[in-house]
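**Student:** Provided below: upload-v9.cif, containing mmCIF, C-alpha atoms.
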data_coords
loop_
_atom_site.label_atom_id
_atom_site.label_comp_id
_atom_site.auth_asym_id
_atom_site.auth_seq_id
_atom_site.Cartn_x
_atom_site.Cartn_y
_atom_site.Cartn_z
CA MET M 272 153.37 74.31 38.92
CA SER M 273 149.93 74.87 40.31
CA ALA M 274 148.85 77.69 42.58
CA ALA M 275 149.53 75.41 45.48
CA GLY M 276 153.11 75.00 44.35
CA ARG M 277 152.76 71.40 43.19
CA PRO M 278 153.39 70.00 39.70
CA ARG M 279 150.30 69.72 37.50
CA ALA M 280 150.82 65.94 37.18
CA ASP M 281 150.52 65.60 40.94
CA VAL M 282 147.27 67.51 40.92
CA GLY M 283 145.85 65.15 38.31
CA GLN M 284 146.97 62.19 40.37
CA ASP M 285 145.16 63.58 43.43
CA GLU M 286 141.99 64.05 41.44
CA ASP M 287 142.16 60.49 40.03
CA ARG M 288 142.88 58.89 43.45
CA ILE M 289 139.98 56.94 44.96
CA ASP M 290 139.11 57.84 48.53
CA LEU M 291 139.01 54.35 50.08
CA ALA M 292 137.71 55.68 53.36
CA ALA M 293 134.64 57.05 51.59
CA LEU M 294 133.71 53.71 49.99
CA PRO M 295 131.22 51.41 51.79
CA ASP M 296 132.78 48.26 53.19
CA PRO M 297 131.09 45.21 51.62
CA ARG M 298 131.59 43.21 54.85
CA PRO M 299 129.03 43.55 57.65
CA MET M 300 130.85 45.32 60.42
CA VAL M 301 130.73 47.96 63.06
CA ALA M 302 133.02 50.75 61.95
CA VAL M 303 135.65 51.58 64.51
CA THR M 304 134.88 55.24 64.74
CA SER M 305 135.85 57.16 67.80
CA THR M 306 132.53 56.31 69.45
CA ALA M 307 132.74 52.61 68.72
CA THR M 308 136.31 52.41 69.87
CA ARG M 309 135.47 54.25 73.04
CA ARG M 310 132.68 51.76 73.71
CA LEU M 311 135.17 48.92 73.38
CA LEU M 312 137.70 50.68 75.54
CA ASP M 313 135.10 51.59 78.14
CA GLY M 314 134.05 47.98 78.57
CA HIS M 315 130.65 47.96 76.84
CA VAL M 316 131.61 44.62 75.27
CA ARG M 317 131.14 42.55 78.39
CA ARG M 318 133.08 39.37 79.06
CA PRO M 319 134.00 37.61 82.27
CA ALA M 320 137.26 38.85 83.66
CA PRO M 321 139.81 37.78 84.54
CA VAL M 322 140.49 34.62 82.57
CA THR M 323 139.79 31.42 84.51
CA ASN M 324 142.78 30.30 86.56
CA ALA M 325 143.24 26.87 84.99
CA LEU M 326 146.23 26.11 87.22
CA LEU M 327 144.20 26.57 90.40
CA LEU M 328 141.27 24.52 89.10
CA GLY M 329 143.71 21.86 87.94
CA GLN M 330 145.15 21.60 91.45
CA GLN M 331 141.67 21.28 92.93
CA LEU M 332 140.78 18.59 90.41
CA ALA M 333 143.97 16.68 91.17
CA GLU M 334 143.40 16.83 94.93
CA ALA M 335 139.76 15.74 94.67
CA ARG M 336 140.63 12.95 92.26
CA GLY M 337 143.50 11.79 94.47
CA ALA M 338 141.23 11.55 97.52
CA ALA M 339 138.63 9.72 95.45
CA ARG M 340 141.18 7.28 94.04
CA ALA M 341 142.49 6.53 97.55
CA LEU M 342 138.98 5.62 98.70
CA ILE M 343 138.34 3.50 95.61
CA ASP M 344 141.61 1.60 96.02
CA ARG M 345 141.08 0.79 99.69
CA THR M 346 137.42 -0.23 99.35
CA PRO M 347 137.07 -3.97 98.62
CA THR M 348 134.86 -4.80 95.67
CA ASP M 349 133.50 -7.84 97.54
CA LEU M 350 130.88 -6.59 100.00
CA ALA M 351 131.25 -9.61 102.31
CA VAL M 352 134.98 -8.95 102.61
CA MET M 353 134.40 -5.31 103.36
CA VAL M 354 131.76 -6.06 106.02
CA GLU M 355 134.12 -8.49 107.73
CA GLU M 356 136.98 -5.96 107.73
CA LEU M 357 134.72 -3.22 109.06
CA ARG M 358 133.27 -5.53 111.72
CA ARG M 359 136.73 -6.42 113.05
CA TRP M 360 137.70 -2.75 113.10
CA TYR M 361 134.44 -1.80 114.86
CA TYR M 362 135.00 -4.10 117.83
CA THR M 363 138.54 -2.85 118.37
CA LEU M 364 137.11 0.59 119.24
CA HIS M 365 136.05 1.82 122.64
CA PRO M 366 132.32 1.06 123.14
CA ASP M 367 131.54 4.73 123.71
CA GLU M 368 133.13 5.69 120.37
CA ARG M 369 131.93 2.87 118.13
CA GLU M 370 128.72 4.38 116.77
CA ARG M 371 130.27 7.79 116.12
CA LEU M 372 133.38 6.46 114.36
CA LEU M 373 131.38 3.95 112.33
CA SER M 374 129.06 6.69 111.08
CA GLN M 375 132.09 8.86 110.35
CA ARG M 376 133.40 6.27 107.88
CA PHE M 377 130.40 6.83 105.62
CA THR M 378 130.36 10.59 106.22
CA GLU M 379 133.96 10.91 105.05
CA ALA M 380 133.30 8.78 101.96
CA LYS M 381 130.26 10.89 101.11
CA GLN M 382 132.30 14.08 101.51
CA ARG M 383 134.92 12.82 99.07
CA HIS M 384 132.23 12.10 96.53
CA ALA M 385 130.67 15.53 97.02
CA ARG M 386 134.07 17.22 96.71
CA LEU M 387 134.91 15.52 93.41
CA GLN M 388 131.46 16.12 91.98
CA HIS M 389 131.53 19.79 92.99
CA THR M 390 135.00 20.34 91.49
CA ILE M 391 133.94 18.74 88.22
CA GLU M 392 130.87 20.99 88.11
CA VAL M 393 133.03 24.07 88.75
CA VAL M 394 135.32 23.16 85.85
CA ARG M 395 132.37 22.50 83.55
CA GLU M 396 130.88 25.87 84.49
CA ALA M 397 134.24 27.54 83.81
CA LEU M 398 134.34 25.99 80.34
CA ASP M 399 130.76 27.13 79.74
CA VAL M 400 131.92 30.67 80.53
CA GLU M 401 135.24 30.59 78.69
CA ARG M 402 134.03 29.22 75.37
CA PRO M 403 131.56 32.03 74.56
CA ALA M 404 133.97 34.55 76.07
CA LEU M 405 136.62 33.41 73.60
CA VAL M 406 134.16 33.85 70.73
CA GLN M 407 133.41 37.39 71.94
CA ALA M 408 137.10 38.19 72.27
CA HIS M 409 137.79 36.99 68.72
CA ALA M 410 134.88 39.11 67.47
CA GLU M 411 136.22 42.21 69.23
CA ARG M 412 139.72 41.63 67.91
CA ASP M 413 138.37 41.29 64.37
CA THR M 414 136.34 44.47 64.79
CA LEU M 415 139.38 46.40 65.98
CA ALA M 416 141.40 45.11 63.02
CA ILE M 417 138.91 46.24 60.34
CA ARG M 418 140.25 49.81 59.96
CA PRO M 419 144.02 49.89 60.31
CA LEU M 420 144.19 53.66 59.69
CA PRO M 421 142.32 56.60 61.22
CA ALA M 422 139.21 57.49 59.23
CA THR M 423 139.20 61.16 60.14
CA ILE M 424 141.60 63.91 61.10
CA GLU M 425 139.82 64.08 64.45
CA GLU M 426 140.60 60.42 65.17
CA GLU M 427 144.23 60.98 64.24
CA ALA M 428 144.45 63.98 66.55
CA SER M 429 142.55 62.38 69.42
CA GLY M 430 144.82 59.37 69.72
CA ILE M 431 141.97 56.91 69.24
CA ARG M 432 144.09 54.87 66.86
CA ALA M 433 146.78 54.35 69.49
CA ASP M 434 144.15 53.30 72.00
CA ALA M 435 142.67 50.88 69.48
CA VAL M 436 146.07 49.36 68.75
CA ARG M 437 146.73 48.85 72.43
CA ARG M 438 143.27 47.35 72.85
CA TYR M 439 143.84 45.08 69.84
CA GLN M 440 147.07 43.81 71.36
CA SER M 441 145.41 43.33 74.75
CA VAL M 442 142.49 41.39 73.28
CA GLY M 443 144.94 39.26 71.31
CA ILE M 444 146.69 38.30 74.55
CA GLU M 445 143.31 37.62 76.14
CA CYS M 446 142.40 35.28 73.29
CA GLN M 447 145.63 33.36 73.78
CA GLN M 448 145.04 33.09 77.53
CA ARG M 449 141.44 31.91 77.12
CA GLU M 450 142.47 29.37 74.48
CA ALA M 451 145.17 28.05 76.80
CA ALA M 452 142.77 27.87 79.75
CA ILE M 453 140.15 26.00 77.71
CA ALA M 454 142.72 23.56 76.36
CA GLU M 455 144.11 22.86 79.84
CA LEU M 456 140.69 22.35 81.45
CA GLU M 457 139.57 20.08 78.62
CA ARG M 458 142.75 18.07 79.08
CA LEU M 459 142.33 17.71 82.85
CA LEU M 460 138.58 17.07 83.07
CA PRO M 461 138.18 13.53 81.61
CA ALA M 462 140.17 11.67 84.31
CA PRO M 463 138.09 13.00 87.26
CA GLU M 464 134.91 12.42 85.28
CA HIS M 465 135.90 8.80 84.70
CA ALA M 466 136.66 8.39 88.43
CA LEU M 467 133.22 9.62 89.49
CA GLY M 468 131.45 6.36 88.57
CA PRO M 469 133.82 4.02 90.49
CA LEU M 470 133.76 6.46 93.41
CA THR M 471 129.95 6.30 93.53
CA GLU M 472 130.15 2.50 93.63
CA ALA M 473 132.73 2.63 96.41
CA VAL M 474 130.66 5.02 98.53
CA THR M 475 127.65 2.75 98.04
CA ARG M 476 129.62 -0.25 99.32
CA VAL M 477 130.78 1.79 102.32
CA LEU M 478 127.16 2.62 103.15
CA GLN M 479 126.11 -1.03 102.82
CA ALA M 480 128.93 -2.19 105.07
CA VAL M 481 128.37 0.55 107.66
CA GLY M 482 124.62 -0.13 107.75
CA THR M 483 125.19 -3.87 108.11
CA VAL M 484 127.68 -3.57 110.95
CA ASP M 485 125.57 -0.93 112.72
CA ARG M 486 122.42 -3.07 112.67
CA GLU M 487 124.32 -6.19 113.66
CA ALA M 488 125.63 -4.27 116.65
CA LEU M 489 122.12 -3.12 117.59
CA VAL M 490 120.79 -6.70 117.52
CA ARG M 491 123.73 -7.90 119.57
CA ARG M 492 123.29 -5.11 122.11
CA LEU M 493 119.58 -5.84 122.50
CA ARG M 494 120.27 -9.54 122.97
CA GLU M 495 122.96 -8.97 125.58
CA SER M 496 121.56 -6.00 127.47
CA GLY M 497 118.01 -7.14 128.20
CA GLU M 498 116.64 -3.79 127.03
CA LEU M 499 113.57 -5.40 125.48
CA GLU M 500 112.72 -7.26 128.69
CA ARG M 501 112.99 -4.03 130.64
CA LEU M 502 110.85 -2.28 128.05
CA ARG M 503 108.14 -4.91 128.38
CA SER M 504 108.27 -4.70 132.16
CA ARG M 505 107.90 -0.94 131.90
CA PHE M 506 104.77 -1.31 129.79
CA GLU M 507 103.34 -3.75 132.30
CA ARG M 508 103.98 -1.34 135.15
CA LEU M 509 102.37 1.50 133.22
CA ARG M 510 99.23 -0.54 132.64
CA THR M 511 99.16 -1.60 136.29
CA MET M 512 99.61 1.99 137.47
CA ALA M 513 96.77 3.10 135.18
CA SER M 514 94.40 0.68 136.93
CA THR M 515 95.46 0.96 140.58
CA HIS M 516 92.83 -0.07 143.15
CA ALA M 517 90.65 -1.52 140.40
CA GLY M 518 89.70 -4.49 142.57
CA GLU M 519 88.83 -2.34 145.59
CA ILE M 520 86.80 0.06 143.44
CA ASP M 521 84.71 -2.81 142.06
CA GLU M 522 84.21 -4.31 145.52
CA TRP M 523 83.08 -1.10 147.18
CA SER M 524 80.88 -0.19 144.25
CA ARG M 525 78.97 -3.40 144.86
CA ARG M 526 78.73 -2.65 148.57
CA VAL M 527 77.21 0.79 148.11
CA GLY M 528 75.19 -0.20 145.09
CA ARG M 529 76.47 2.53 142.83
CA PRO M 530 79.65 3.31 140.85
CA LEU M 531 82.30 5.25 142.69
CA ARG M 532 83.26 8.65 141.26
CA ILE M 533 86.94 8.06 140.51
CA PRO M 534 88.52 9.14 137.19
CA ARG M 535 89.94 6.54 134.87
CA VAL M 536 93.34 6.71 133.14
CA ILE M 537 93.13 6.29 129.37
CA LEU M 538 96.26 5.39 127.44
CA PRO M 539 95.38 6.36 123.83
CA TRP M 540 98.87 5.49 122.55
CA PRO M 541 99.45 2.80 121.71
CA SER M 542 95.93 1.53 121.22
CA SER M 543 94.40 -1.02 123.57
CA ALA M 544 94.80 -3.77 120.97
CA ILE M 545 98.51 -3.08 120.73
CA TRP M 546 98.85 -3.00 124.52
CA ASP M 547 97.11 -6.36 124.74
CA ALA M 548 99.16 -7.92 121.95
CA LEU M 549 102.42 -6.52 123.31
CA LEU M 550 101.90 -7.83 126.82
CA ALA M 551 100.50 -11.16 125.67
CA GLU M 552 103.59 -12.09 123.70
CA ALA M 553 106.82 -13.33 125.19
CA VAL M 554 109.89 -11.25 124.52
CA GLU M 555 111.87 -12.49 121.51
CA PHE M 556 115.31 -11.44 120.44
CA PRO M 557 115.54 -9.25 117.30
CA GLN M 558 116.70 -10.75 114.03
CA LEU M 559 118.50 -9.49 110.96
CA VAL M 560 116.41 -9.90 107.81
CA TRP M 561 117.85 -9.54 104.31
CA ASP M 562 115.59 -8.45 101.48
CA ASP M 563 116.70 -11.40 99.35
CA ASP M 564 116.20 -13.98 102.12
CA PRO M 565 113.93 -16.71 100.63
CA ARG M 566 112.50 -17.54 104.05
CA PRO M 567 112.37 -14.37 106.13
CA PRO M 568 111.18 -14.77 109.70
CA SER M 569 107.79 -13.40 110.67
CA THR M 570 107.81 -9.82 111.90
#
Would you write out, as structure tokens, the structure that this file holds?
**Tutor:**
Amino acid sequence: MSAAGRPRADVGQDEDRIDLAALPDPRPMVAVTSTATRRLLDGHVRRPAPVTNALLLGQQLAEARGAARALIDRTPTDLAVMVEELRRWYYTLHPDERERLLSQRFTEAKQRHARLQHTIEVVREALDVERPALVQAHAERDTLAIRPLPATIEEEASGIRADAVRRYQSVGIECQQREAAIAELERLLPAPEHALGPLTEAVTRVLQAVGTVDREALVRRLRESGELERLRSRFERLRTMASTHAGEIDEWSRRVGRPLRIPRVILPWPSSAIWDALLAEAVEFPQLVWDDDPRPPST
């Protein structure tokens, strides 16, 4: 027995035992001392929190894609067919509501496109956040797992090991949640992305049809209402009013032998050449001109 009351063999065993905690770790690491662990526990390793709600984003994706698919399905691929359908619908409306409701058709289509595009961008941004966050979480979990036992008596007494174990378990759960969120978002994203192209084509056809019907209606209204004739008459009256008493002024100037001091009215807009050309031409009805028309009328 030694002075400490232990068998001599035990003392020799203690002296021959290698202190593993005193050996340098060949792996590059940050030792989980009390300070390092506290930094982890205090949030110095920064990651976005909480984990992205993949269920909520999935619902938003489904709703946006559903609205987009409904528009795609009800939009004819033949532009002529769509224009004819929209034209018939347009003339069933009250005249006071036609322009507003026609414009609303394109506005609603554009909003559906913007909604789907925005939701896709939100999901892509979430994946851009979650992927590096998962890497960071794995790195923290590996760091916490490097030293399974307290390195010092102080760590054992301070309870740092228990905190590290709890943190290790928490980070493990976080890793699972982030992996699940990434997998779910990656599963849901392709279908809306594939719908974006056909939706863009559908919105473009809506715009073409709305623009065609709107301009057809304008030409028809101008033909039937006589607005252009009234506009020309108004220009004629303006020119006449600008030169009132012109004949009398010339006559009395000759009588007195000098010009009379009466101000003139100048109409700088439009220019005199335009005034002359406008009033010299007969009023013609407006026409619809297509860009691919081989023989467009003169304008």
**Student:** Which residues are near Glu396 (chain M)? Cut-off 12 Å, only C-alpha atoms, ignore same chain within fewer than 4 positions. Put them as a VMD selection string.
**Tutor:** chain M and resid 323 328 389 to 392 400 to 403 453 456 to 457 460
**Student:** Between M:Val554, M:Ala410, M:Leu387, M:Leu350, which one has atoms that come closest to Glu464 (chain M), using only C-alpha atoms?
**Tutor:**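 Between M:Val554, M:Ala410, M:Leu387, M:Leu350, the residue approaching Glu464 (chain M) most closely is M:Leu387.
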**Student:** Compare M:Val536, M:Ala408, M:Leu459, M:Ala517 by their minimum atom-to-atom distance to Glu445 (chain M), counting all atoms listed in the file, and give me the closest one.
**Tutor:**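 Of M:Val536, M:Ala408, M:Leu459, M:Ala517, the one nearest Glu445 (chain M) is M:Ala408, counting all atoms listed in the file.
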**Student:** Suppose you want the space between CA of Ser542 (chain M) and CA of Ser504 (chain M); what is it in Å?
**Tutor:**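 Atom-to-atom, CA of Ser542 (chain M) and CA of Ser504 (chain M) are spaced 17.6 Å apart.
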**Student:** Since I can't run it myself right now, could you work out what the PyMOL selection byres ((chain M and resi 335) around 12) selects here and report it as a PyMOL selection string?
**Tutor:** chain M and resi 328-334+336-342+380+382-391+460+462-464+466-467+470
**Student:** Enumerate, as a list in words, the residues matched when the PyMOL selection byres ((chain M and resi 535) around 10) is run on the file above.
**Tutor:**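 On this input, the PyMOL selection byres ((chain M and resi 535) around 10) captures Ala513, Ser514, Thr515, Ala517, Arg532, Ile533, Pro534, Val536, Ile537 and Leu538 of chain M.
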**Student:** Might you spell out which residues the PyMOL selection byres ((chain M and resi 452) around 10) would select in the displayed file, as a list in words?
**Tutor:**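 When the PyMOL selection byres ((chain M and resi 452) around 10) is applied, the selected residues are Val322, Thr323, Asn324, Ala325, Leu326, Ala397, Leu398, Glu401, Arg402, Cys446, Gln447, Gln448, Arg449, Glu450, Ala451, Ile453, Ala454, Glu455, Leu456, Glu457 and Arg458 of chain M.
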**Student:** Keeping C-alpha atoms for every residue in the selection just given, could you write it to a file as a compact mmCIF listing (two decimals), in the frame of the given file?
**Tutor:**
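Wrote part22.txt, looks like this:
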# COMPACT_ATOMS: atom_id res chain seq x y z
CA VAL M 322 140.49 34.62 82.57
CA THR M 323 139.79 31.42 84.51
CA ASN M 324 142.78 30.30 86.56
CA ALA M 325 143.24 26.87 84.99
CA LEU M 326 146.23 26.11 87.22
CA ALA M 397 134.24 27.54 83.81
CA LEU M 398 134.34 25.99 80.34
CA GLU M 401 135.24 30.59 78.69
CA ARG M 402 134.03 29.22 75.37
CA CYS M 446 142.40 35.28 73.29
CA GLN M 447 145.63 33.36 73.78
CA GLN M 448 145.04 33.09 77.53
CA ARG M 449 141.44 31.91 77.12
CA GLU M 450 142.47 29.37 74.48
CA ALA M 451 145.17 28.05 76.80
CA ILE M 453 140.15 26.00 77.71
CA ALA M 454 142.72 23.56 76.36
CA GLU M 455 144.11 22.86 79.84
CA LEU M 456 140.69 22.35 81.45
CA GLU M 457 139.57 20.08 78.62
CA ARG M 458 142.75 18.07 79.08
**Student:** Closest to Arg369 (chain M) among M:Ala548, M:Val393, M:Ile417, M:Leu357, using only C-alpha atoms?
**Tutor:** M:Leu357
